[in-house]
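**Q** Data file entry_4.pdb (PDB, C-alpha atoms) is appended below.
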```
ATOM      1  CA  MET X  26       2.491  -2.000  91.340
ATOM      2  CA  LEU X  27      -0.712  -0.058  90.581
ATOM      3  CA  GLU X  28       0.093   2.460  93.296
ATOM      4  CA  GLN X  29       3.546   3.037  91.812
ATOM      5  CA  ILE X  30       2.046   3.562  88.357
ATOM      6  CA  LEU X  31      -0.503   5.997  89.767
ATOM      7  CA  LYS X  32       2.226   7.815  91.667
ATOM      8  CA  SER X  33       4.189   8.233  88.438
ATOM      9  CA  ALA X  34       1.106   9.647  86.705
ATOM     10  CA  LYS X  35       0.590  12.164  89.493
ATOM     11  CA  GLN X  36       4.236  13.205  89.261
ATOM     12  CA  ARG X  37       3.679  13.895  85.578
ATOM     13  CA  CYS X  38       0.491  15.857  86.228
ATOM     14  CA  GLU X  39       2.291  17.937  88.862
ATOM     15  CA  ASP X  40       5.344  18.565  86.632
ATOM     16  CA  LYS X  41       7.670  16.731  89.012
ATOM     17  CA  VAL X  42       9.042  14.185  86.550
ATOM     18  CA  TYR X  43      12.002  16.194  85.344
ATOM     19  CA  TYR X  44      12.825  17.998  88.565
ATOM     20  CA  ASP X  45      13.953  14.988  90.542
ATOM     21  CA  GLU X  46      14.871  12.057  88.335
ATOM     22  CA  ALA X  47      16.114  10.075  91.346
ATOM     23  CA  GLU X  48      12.586  10.076  92.768
ATOM     24  CA  SER X  49      10.803   9.835  89.444
ATOM     25  CA  LEU X  50       8.876   6.743  88.381
ATOM     26  CA  SER X  51       8.409   8.170  84.913
ATOM     27  CA  PHE X  52       6.888   6.145  82.077
ATOM     28  CA  PRO X  53       6.599   7.204  78.419
ATOM     29  CA  LEU X  54       3.804   9.528  77.392
ATOM     30  CA  ILE X  55       0.634   8.041  75.911
ATOM     31  CA  TYR X  56      -0.237   8.519  72.254
ATOM     32  CA  PRO X  57      -3.880   9.702  72.250
ATOM     33  CA  PHE X  58      -4.438   8.264  68.760
ATOM     34  CA  THR X  59      -2.356   6.453  66.183
ATOM     35  CA  THR X  60      -0.095   8.499  63.923
ATOM     36  CA  GLU X  61      -0.128   5.714  61.327
ATOM     37  CA  ASN X  62      -2.482   5.154  58.413
ATOM     38  CA  ILE X  63      -3.753   1.836  59.735
ATOM     39  CA  ALA X  64      -6.474   1.845  57.071
ATOM     40  CA  GLY X  65      -3.687   1.926  54.492
ATOM     41  CA  TYR X  66      -2.180  -1.419  55.501
ATOM     42  CA  ILE X  67      -4.800  -3.345  57.438
ATOM     43  CA  ASN X  68      -6.141  -5.203  54.387
ATOM     44  CA  LEU X  69      -2.701  -6.771  53.870
ATOM     45  CA  PHE X  70      -3.545  -9.013  56.826
ATOM     46  CA  ASN X  71      -6.077 -11.797  57.280
ATOM     47  CA  LEU X  72      -7.620 -10.849  60.621
ATOM     48  CA  GLU X  73     -11.022 -12.540  60.550
ATOM     49  CA  ASN X  74     -11.128 -14.948  63.526
ATOM     50  CA  LYS X  75      -7.325 -14.729  63.768
ATOM     51  CA  SER X  76      -4.912 -13.858  66.556
ATOM     52  CA  LEU X  77      -2.776 -10.718  66.723
ATOM     53  CA  LEU X  78       0.197  -9.598  68.791
ATOM     54  CA  THR X  79       0.544  -5.830  68.540
ATOM     55  CA  VAL X  80       2.333  -2.998  70.285
ATOM     56  CA  GLY X  81      -0.036  -1.034  72.498
ATOM     57  CA  SER X  82       0.595   2.685  72.010
ATOM     58  CA  SER X  83      -2.791   4.431  71.552
ATOM     59  CA  GLY X  84      -4.729   1.156  71.406
ATOM     60  CA  ASP X  85      -5.874   1.995  67.885
ATOM     61  CA  GLN X  86      -4.036  -0.919  66.269
ATOM     62  CA  ALA X  87      -6.018  -3.320  68.437
ATOM     63  CA  LEU X  88      -9.351  -1.529  67.956
ATOM     64  CA  ASN X  89      -9.029  -1.450  64.172
ATOM     65  CA  ALA X  90      -8.024  -5.112  64.099
ATOM     66  CA  ILE X  91     -11.053  -6.054  66.200
ATOM     67  CA  LEU X  92     -13.293  -4.174  63.791
ATOM     68  CA  LYS X  93     -11.820  -6.285  60.960
ATOM     69  CA  GLY X  94     -12.771  -9.489  62.757
ATOM     70  CA  CYS X  95      -9.757 -10.247  64.945
ATOM     71  CA  ASN X  96     -11.074 -11.907  68.104
ATOM     72  CA  ASP X  97      -7.836 -12.751  69.936
ATOM     73  CA  VAL X  98      -5.557  -9.782  70.680
ATOM     74  CA  THR X  99      -2.415  -9.587  72.780
ATOM     75  CA  ILE X 100      -1.148  -6.063  73.410
ATOM     76  CA  LEU X 101       2.500  -5.655  74.376
ATOM     77  CA  ASP X 102       3.932  -2.387  75.606
ATOM     78  CA  VAL X 103       6.581  -1.267  78.069
ATOM     79  CA  ASN X 104       4.309   1.558  79.212
ATOM     80  CA  PRO X 105       1.751   0.417  81.853
ATOM     81  CA  TYR X 106      -0.435   3.462  81.102
ATOM     82  CA  THR X 107      -1.236   1.817  77.771
ATOM     83  CA  GLU X 108      -3.442  -0.881  79.281
ATOM     84  CA  TYR X 109      -5.436   1.622  81.321
ATOM     85  CA  TYR X 110      -5.910   3.884  78.316
ATOM     86  CA  PHE X 111      -7.072   1.019  76.121
ATOM     87  CA  TYR X 112      -9.763   0.100  78.626
ATOM     88  CA  LEU X 113     -10.808   3.742  78.923
ATOM     89  CA  LYS X 114     -11.404   3.758  75.149
ATOM     90  CA  TYR X 115     -13.085   0.347  75.288
ATOM     91  CA  ALA X 116     -15.500   1.432  78.017
ATOM     92  CA  THR X 117     -16.308   4.691  76.238
ATOM     93  CA  ILE X 118     -17.025   2.947  72.931
ATOM     94  CA  SER X 119     -19.334   0.540  74.734
ATOM     95  CA  GLN X 120     -21.448   3.326  76.277
ATOM     96  CA  VAL X 121     -21.584   6.392  74.004
ATOM     97  CA  ASN X 122     -21.929   7.311  70.334
ATOM     98  CA  LEU X 123     -19.144   8.384  67.985
ATOM     99  CA  GLU X 124     -19.699  12.102  68.427
ATOM    100  CA  GLU X 125     -19.451  11.879  72.198
ATOM    101  CA  PHE X 126     -16.387   9.620  71.928
ATOM    102  CA  LEU X 127     -14.581  12.228  69.831
ATOM    103  CA  LYS X 128     -15.496  15.013  72.257
ATOM    104  CA  PHE X 129     -14.181  12.961  75.156
ATOM    105  CA  PHE X 130     -10.841  11.967  73.618
ATOM    106  CA  CYS X 131      -9.870  14.561  70.983
ATOM    107  CA  TYR X 132      -7.979  17.527  72.391
ATOM    108  CA  MET X 133      -5.593  19.037  69.849
ATOM    109  CA  ASN X 134      -7.166  20.883  66.913
ATOM    110  CA  TYR X 135     -10.686  19.925  67.946
ATOM    111  CA  PRO X 136     -13.346  20.876  67.051
ATOM    112  CA  HIS X 137     -11.426  23.355  64.872
ATOM    113  CA  ILE X 138      -7.778  23.642  63.912
ATOM    114  CA  TYR X 139      -5.598  25.527  66.424
ATOM    115  CA  GLU X 140      -8.242  25.046  69.127
ATOM    116  CA  ARG X 141      -8.175  22.935  72.279
ATOM    117  CA  ASN X 142     -11.227  20.885  73.160
ATOM    118  CA  GLU X 143     -12.698  22.157  76.421
ATOM    119  CA  LYS X 144     -14.789  18.982  76.749
ATOM    120  CA  VAL X 145     -11.869  16.559  76.740
ATOM    121  CA  PHE X 146     -12.304  13.970  79.530
ATOM    122  CA  ASN X 147     -15.464  15.763  80.589
ATOM    123  CA  ARG X 148     -17.247  14.662  83.739
ATOM    124  CA  ASN X 149     -20.627  13.948  82.171
ATOM    125  CA  THR X 150     -19.221  11.384  79.746
ATOM    126  CA  TYR X 151     -16.993   9.838  82.379
ATOM    127  CA  LEU X 152     -19.971   9.259  84.649
ATOM    128  CA  LYS X 153     -21.671   7.370  81.806
ATOM    129  CA  ILE X 154     -18.757   5.020  81.282
ATOM    130  CA  LYS X 155     -17.214   4.554  84.739
ATOM    131  CA  ASP X 156     -19.294   1.504  85.704
ATOM    132  CA  SER X 157     -18.413  -0.211  82.440
ATOM    133  CA  LEU X 158     -14.746   0.631  83.001
ATOM    134  CA  LYS X 159     -14.925  -0.796  86.515
ATOM    135  CA  ASN X 160     -16.364  -4.063  85.205
ATOM    136  CA  LEU X 161     -13.859  -4.345  82.354
ATOM    137  CA  ASN X 162     -10.692  -3.692  84.350
ATOM    138  CA  TYR X 163     -10.704  -2.571  87.960
ATOM    139  CA  ASP X 164      -7.105  -1.300  87.902
ATOM    140  CA  ALA X 165      -7.900   0.938  84.921
ATOM    141  CA  TYR X 166     -10.981   2.225  86.731
ATOM    142  CA  TYR X 167      -8.982   2.963  89.887
ATOM    143  CA  PHE X 168      -6.285   4.742  87.870
ATOM    144  CA  TRP X 169      -8.620   7.072  85.949
ATOM    145  CA  GLU X 170     -11.018   7.562  88.863
ATOM    146  CA  GLU X 171      -8.157   8.876  90.980
ATOM    147  CA  LEU X 172      -6.784  11.131  88.248
ATOM    148  CA  PHE X 173     -10.115  12.561  87.098
ATOM    149  CA  ASN X 174     -11.143  13.267  90.711
ATOM    150  CA  THR X 175      -7.815  14.931  91.516
ATOM    151  CA  TYR X 176      -6.948  17.010  88.450
ATOM    152  CA  LYS X 177      -8.691  19.065  85.817
ATOM    153  CA  PRO X 178      -8.889  17.366  82.387
ATOM    154  CA  TYR X 179      -6.213  19.539  80.760
ATOM    155  CA  ILE X 180      -3.842  18.580  83.592
ATOM    156  CA  VAL X 181      -4.453  14.865  82.978
ATOM    157  CA  ARG X 182      -3.528  15.534  79.350
ATOM    158  CA  LYS X 183       0.064  15.977  80.566
ATOM    159  CA  LEU X 184       0.250  12.179  80.423
ATOM    160  CA  PHE X 185      -0.174  12.368  76.639
ATOM    161  CA  GLU X 186       1.961  13.186  73.638
ATOM    162  CA  SER X 187       0.936  16.333  71.783
ATOM    163  CA  ASP X 188       1.302  14.445  68.486
ATOM    164  CA  GLU X 189      -2.421  14.263  67.735
ATOM    165  CA  ASP X 190      -3.745  14.855  64.237
ATOM    166  CA  ARG X 191      -6.896  16.775  63.387
ATOM    167  CA  TRP X 192     -10.006  14.655  63.734
ATOM    168  CA  PRO X 193     -10.791  14.533  59.968
ATOM    169  CA  TYR X 194      -7.446  12.759  59.490
ATOM    170  CA  LEU X 195      -8.073  10.468  62.449
ATOM    171  CA  LYS X 196     -11.222   9.308  60.677
ATOM    172  CA  LYS X 197      -9.309   8.611  57.471
ATOM    173  CA  TYR X 198      -6.789   6.192  58.929
ATOM    174  CA  ASN X 199      -8.809   4.748  61.807
ATOM    175  CA  LEU X 200     -11.526   2.536  60.349
ATOM    176  CA  TYR X 201     -13.488   2.498  63.584
ATOM    177  CA  LEU X 202     -13.762   6.315  63.488
ATOM    178  CA  LYS X 203     -14.724   6.462  59.808
ATOM    179  CA  ASP X 204     -18.446   6.796  60.460
ATOM    180  CA  SER X 205     -21.161   5.850  62.944
ATOM    181  CA  ASN X 206     -21.799   2.477  61.273
ATOM    182  CA  SER X 207     -18.174   1.398  61.667
ATOM    183  CA  TYR X 208     -18.092   2.637  65.244
ATOM    184  CA  GLU X 209     -21.281   0.759  66.147
ATOM    185  CA  GLU X 210     -19.965  -2.383  64.482
ATOM    186  CA  LEU X 211     -16.859  -2.215  66.652
ATOM    187  CA  LYS X 212     -19.065  -1.744  69.715
ATOM    188  CA  LYS X 213     -20.755  -5.083  68.952
ATOM    189  CA  LYS X 214     -17.521  -6.930  68.234
ATOM    190  CA  LEU X 215     -15.902  -5.798  71.485
ATOM    191  CA  ASN X 216     -18.318  -8.123  73.287
ATOM    192  CA  ASN X 217     -16.746 -11.247  71.794
ATOM    193  CA  ILE X 218     -12.994 -10.901  72.012
ATOM    194  CA  ASN X 219     -10.121 -12.212  74.083
ATOM    195  CA  ILE X 220      -7.739  -9.460  75.237
ATOM    196  CA  GLU X 221      -4.400 -10.008  76.965
ATOM    197  CA  PHE X 222      -1.840  -7.404  78.029
ATOM    198  CA  ILE X 223       1.882  -7.936  78.447
ATOM    199  CA  THR X 224       3.684  -5.007  80.071
ATOM    200  CA  THR X 225       7.302  -5.512  79.126
ATOM    201  CA  ASP X 226      10.071  -4.415  76.809
ATOM    202  CA  ILE X 227       9.879  -5.733  73.237
ATOM    203  CA  TYR X 228      13.367  -7.194  73.755
ATOM    204  CA  GLN X 229      12.032  -9.396  76.571
ATOM    205  CA  PRO X 230       8.566 -10.431  75.416
ATOM    206  CA  ASN X 231       8.387 -13.731  77.368
ATOM    207  CA  LEU X 232       5.713 -15.116  75.059
ATOM    208  CA  ASN X 233       4.189 -18.536  75.662
ATOM    209  CA  ARG X 234       2.114 -18.903  72.497
ATOM    210  CA  ASN X 235       2.025 -18.250  68.740
ATOM    211  CA  TYR X 236       0.084 -15.702  66.661
ATOM    212  CA  ASP X 237      -1.342 -15.422  63.159
ATOM    213  CA  ASN X 238      -0.258 -11.784  62.858
ATOM    214  CA  ILE X 239       2.321  -9.554  64.552
ATOM    215  CA  TRP X 240       2.438  -5.741  64.256
ATOM    216  CA  LEU X 241       5.469  -3.782  65.429
ATOM    217  CA  SER X 242       4.423  -0.291  64.365
ATOM    218  CA  ASN X 243       7.461   2.003  64.001
ATOM    219  CA  ILE X 244       9.452   0.920  67.046
ATOM    220  CA  ALA X 245      12.436  -0.001  64.841
ATOM    221  CA  ARG X 246      13.047   3.695  64.198
ATOM    222  CA  TYR X 247      14.328   4.004  67.776
ATOM    223  CA  GLU X 248      16.993   1.310  67.297
ATOM    224  CA  GLU X 249      20.203   2.419  65.601
ATOM    225  CA  ASN X 250      21.608  -1.118  65.524
ATOM    226  CA  LEU X 251      19.110  -2.809  63.210
ATOM    227  CA  GLU X 252      21.177  -5.996  63.097
ATOM    228  CA  TYR X 253      20.685  -6.262  66.852
ATOM    229  CA  PHE X 254      16.971  -5.485  66.461
ATOM    230  CA  LYS X 255      16.665  -8.267  63.899
ATOM    231  CA  LYS X 256      18.413 -10.791  66.131
ATOM    232  CA  GLN X 257      16.782  -9.884  69.429
ATOM    233  CA  VAL X 258      13.283  -8.972  68.250
ATOM    234  CA  ILE X 259      12.418 -10.214  64.757
ATOM    235  CA  ASP X 260      14.209 -13.561  65.000
ATOM    236  CA  VAL X 261      12.588 -14.237  68.374
ATOM    237  CA  LEU X 262       9.092 -13.151  67.310
ATOM    238  CA  ASN X 263       9.361 -15.260  64.163
ATOM    239  CA  THR X 264       9.389 -18.342  66.389
ATOM    240  CA  HIS X 265       5.981 -17.196  67.681
ATOM    241  CA  LEU X 266       4.467 -16.539  64.245
ATOM    242  CA  ASN X 267       2.250 -19.247  62.804
ATOM    243  CA  THR X 268       2.900 -20.671  59.368
ATOM    244  CA  ASN X 269       1.161 -18.484  56.766
ATOM    245  CA  GLY X 270       1.208 -15.683  59.317
ATOM    246  CA  HIS X 271       2.216 -12.091  58.557
ATOM    247  CA  MET X 272       4.496  -9.741  60.456
ATOM    248  CA  LEU X 273       4.581  -5.962  60.102
ATOM    249  CA  ILE X 274       8.285  -5.489  60.787
ATOM    250  CA  ALA X 275       8.229  -1.695  60.585
ATOM    251  CA  TYR X 276       6.158   1.320  59.595
ATOM    252  CA  LEU X 277       7.936   4.164  57.775
ATOM    253  CA  TYR X 278       6.589   7.669  57.284
ATOM    254  CA  ASN X 279       6.853   9.559  53.997
ATOM    255  CA  THR X 280       9.117   6.974  52.356
ATOM    256  CA  ILE X 281       9.088   5.278  48.960
ATOM    257  CA  PRO X 282      11.802   2.945  47.598
ATOM    258  CA  THR X 283      13.563   5.811  45.825
ATOM    259  CA  SER X 284      13.538   8.181  48.802
ATOM    260  CA  ARG X 285      16.922   9.678  49.564
ATOM    261  CA  TYR X 286      18.378   8.816  52.967
ATOM    262  CA  PHE X 287      19.651  11.681  55.090
ATOM    263  CA  PRO X 288      22.105  10.955  57.942
ATOM    264  CA  ASN X 289      19.974  12.827  60.477
ATOM    265  CA  LEU X 290      17.178  10.270  60.022
ATOM    266  CA  ALA X 291      16.875   7.024  61.948
ATOM    267  CA  ARG X 292      18.747   4.124  60.359
ATOM    268  CA  LEU X 293      15.443   2.460  59.559
ATOM    269  CA  TYR X 294      14.917   5.083  56.842
ATOM    270  CA  ASP X 295      17.987   3.916  54.919
ATOM    271  CA  LEU X 296      15.518   1.651  53.191
ATOM    272  CA  SER X 297      17.832  -0.298  50.894
ATOM    273  CA  ASN X 298      20.121  -1.096  53.821
ATOM    274  CA  THR X 299      17.162  -1.999  56.071
ATOM    275  CA  LEU X 300      15.689  -4.383  53.512
ATOM    276  CA  ASN X 301      19.110  -5.971  53.112
ATOM    277  CA  ILE X 302      19.370  -6.556  56.868
ATOM    278  CA  PHE X 303      16.027  -8.391  56.811
ATOM    279  CA  LYS X 304      16.679 -10.144  53.489
ATOM    280  CA  GLU X 305      16.303 -13.665  54.915
ATOM    281  CA  TYR X 306      12.651 -12.782  55.535
ATOM    282  CA  ASN X 307      12.067 -11.836  51.899
ATOM    283  CA  PRO X 308      10.619  -8.495  53.026
ATOM    284  CA  GLU X 309       8.114  -6.595  50.909
ATOM    285  CA  TYR X 310       7.964  -2.829  51.057
ATOM    286  CA  ILE X 311       4.408  -1.677  50.391
ATOM    287  CA  ASN X 312       3.330   1.956  50.004
ATOM    288  CA  PHE X 313       0.012   3.718  50.597
ATOM    289  CA  PRO X 314      -1.109   7.345  51.168
ATOM    290  CA  GLY X 315       0.669   9.171  53.975
ATOM    291  CA  VAL X 316      -1.150  10.169  57.131
ATOM    292  CA  ARG X 317      -0.632  13.913  57.034
ATOM    293  CA  ILE X 318      -1.689  14.815  53.524
ATOM    294  CA  PRO X 319      -1.604  17.627  52.439
ATOM    295  CA  PHE X 320       0.920  18.749  55.043
ATOM    296  CA  ARG X 321       3.344  15.972  54.018
ATOM    297  CA  ARG X 322       2.922  15.090  50.398
ATOM    298  CA  GLY X 323       4.034  11.535  49.846
ATOM    299  CA  GLN X 324       3.430   7.997  50.897
ATOM    300  CA  ASP X 325       4.039   5.955  54.001
ATOM    301  CA  GLY X 326       4.927   2.284  53.867
ATOM    302  CA  VAL X 327       5.354  -0.961  55.787
ATOM    303  CA  ILE X 328       7.955  -3.697  55.683
ATOM    304  CA  LEU X 329       5.952  -6.906  55.513
ATOM    305  CA  TYR X 330       7.068 -10.476  56.119
ATOM    306  CA  ARG X 331       4.924 -13.449  55.076
ATOM    307  CA  LYS X 332       5.859 -16.736  56.766
ATOM    308  CA  VAL X 333       5.416 -19.588  54.343
ATOM    309  CA  ASN X 334       7.143 -22.423  56.212
TER
END
```
For this file, write the structure as structure tokens.

**A**
Amino acid sequence: MLEQILKSAKQRCEDKVYYDEAESLSFPLIYPFTTENIAGYINLFNLENKSLLTVGSSGDQALNAILKGCNDVTILDVNPYTEYYFYLKYATISQVNLEEFLKFFCYMNYPHIYERNEKVFNRNTYLKIKDSLKNLNYDAYYFWEELFNTYKPYIVRKLFESDEDRWPYLKKYNLYLKDSNSYEELKKKLNNINIEFITTDIYQPNLNRNYDNIWLSNIARYEENLEYFKKQVIDVLNTHLNTNGHMLIAYLYNTIPTSRYFPNLARLYDLSNTLNIFKEYNPEYINFPGVRIPFRRGQDGVILYRKVN
């Protein structure tokens, strides 16, 4: 399986993904960092010494939760690149300081707006972290070792979405990037956690345990049939949520309860209808500052479910 995943990554790097779909093993692009204001909602959850099931994406949901004391994290994502990218971040955090971390991972608008970071995935930093990566997860090491030895860093970036905010905003909604103290605290906490990965579709999670918290990010925006999403995802995951546990059903950008719904938006953004669909869960809609202020003036929000029995 690893060789197939690596082959798909090389196809992407060589721009072969869209030329021959019959031969393509394409997986979704990786988000380099979260596009959510995790700092805006994380305190709604009791994470200290608790368990969390979260979507993978950039890995930032898991890293921020670990910083807040979560010591048992299961990461679920359909994209197998996600696991390898998480361990690349993990290994880098364990070996270098915050400034070097940012230079290694930030690419868009770094160090200045409208600039590309020439030191992204630079060789010097990679050599510092490769042994740690190898010890943490050999498959992740093999994956990145092959890519970094085959392609220039900006070519490897073809595996990533271009949706990456400027680093000052990344620091605002990623607690672990806020300052050196937070970053170093995360470095210590990474030594005492249990991490599990499940590479599968959210509609077929095949879970064998329960969790204190579940985070679903904004994946509901990609489902037009929210009734089906409720039945096949939320109803199933609820059976794996502990009593007194919390579930982040959905994250919405630039939306308050009085926001007007436009037909070109995903159905999730018809907020009154969405809350009605999930009414048996007594959903709360909670707002906080948006992630792209001042470019998008407004507030983001989450639909939160608290399981009381």

**Q** How many Å lie between CA of Lys144 (chain X) and CA of Lys196 (chain X), rounded to one decimal?

**A**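 Separating CA of Lys144 (chain X) from CA of Lys196 (chain X) is a distance of 19.1 Å.
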
**Q** What separation in Å, quoted to one decimal, exists between CA of Thr79 (chain X) and CA of Gly323 (chain X)?

**A** 25.8 Å

**Q** Name the residues, using the chain letters and numbers of the file, that sit within 10 Å of (4.9, 10.6, 86.1) when counting all atoms listed in the file, and give them as a list in words.

**A**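 Returned residue set, sorted by chain then number, is Gln29, Ile30, Leu31, Lys32, Ser33, Ala34, Lys35, Gln36, Arg37, Cys38, Glu39, Asp40, Lys41, Val42, Tyr43, Ser49, Leu50, Ser51, Phe52, Pro53, Leu54, Lys183 and Leu184 of chain X.
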
**Q** Applied to this file, what does the PyMOL selection byres ((chain X and resi 198-202) around 9) return in terms of residues, put as a VMD selection string?

**A** chain X and resid 58 to 65 85 to 86 88 to 89 92 to 93 123 127 194 to 197 203 to 211 316

**Q** Name the residues that the PyMOL selection byres ((chain X and resi 259) around 10) picks from the file above, as a PyMOL selection string, using the file's chain letters and numbers.

**A** chain X and resi 227-228+241+252-258+260-265+272+274+303+306

**Q** Tell me which of X:Leu158, X:Ile138, X:Leu251, X:Ile218 sits closest to Asn298 (chain X), counting only C-alpha atoms.

**A** X:Leu251
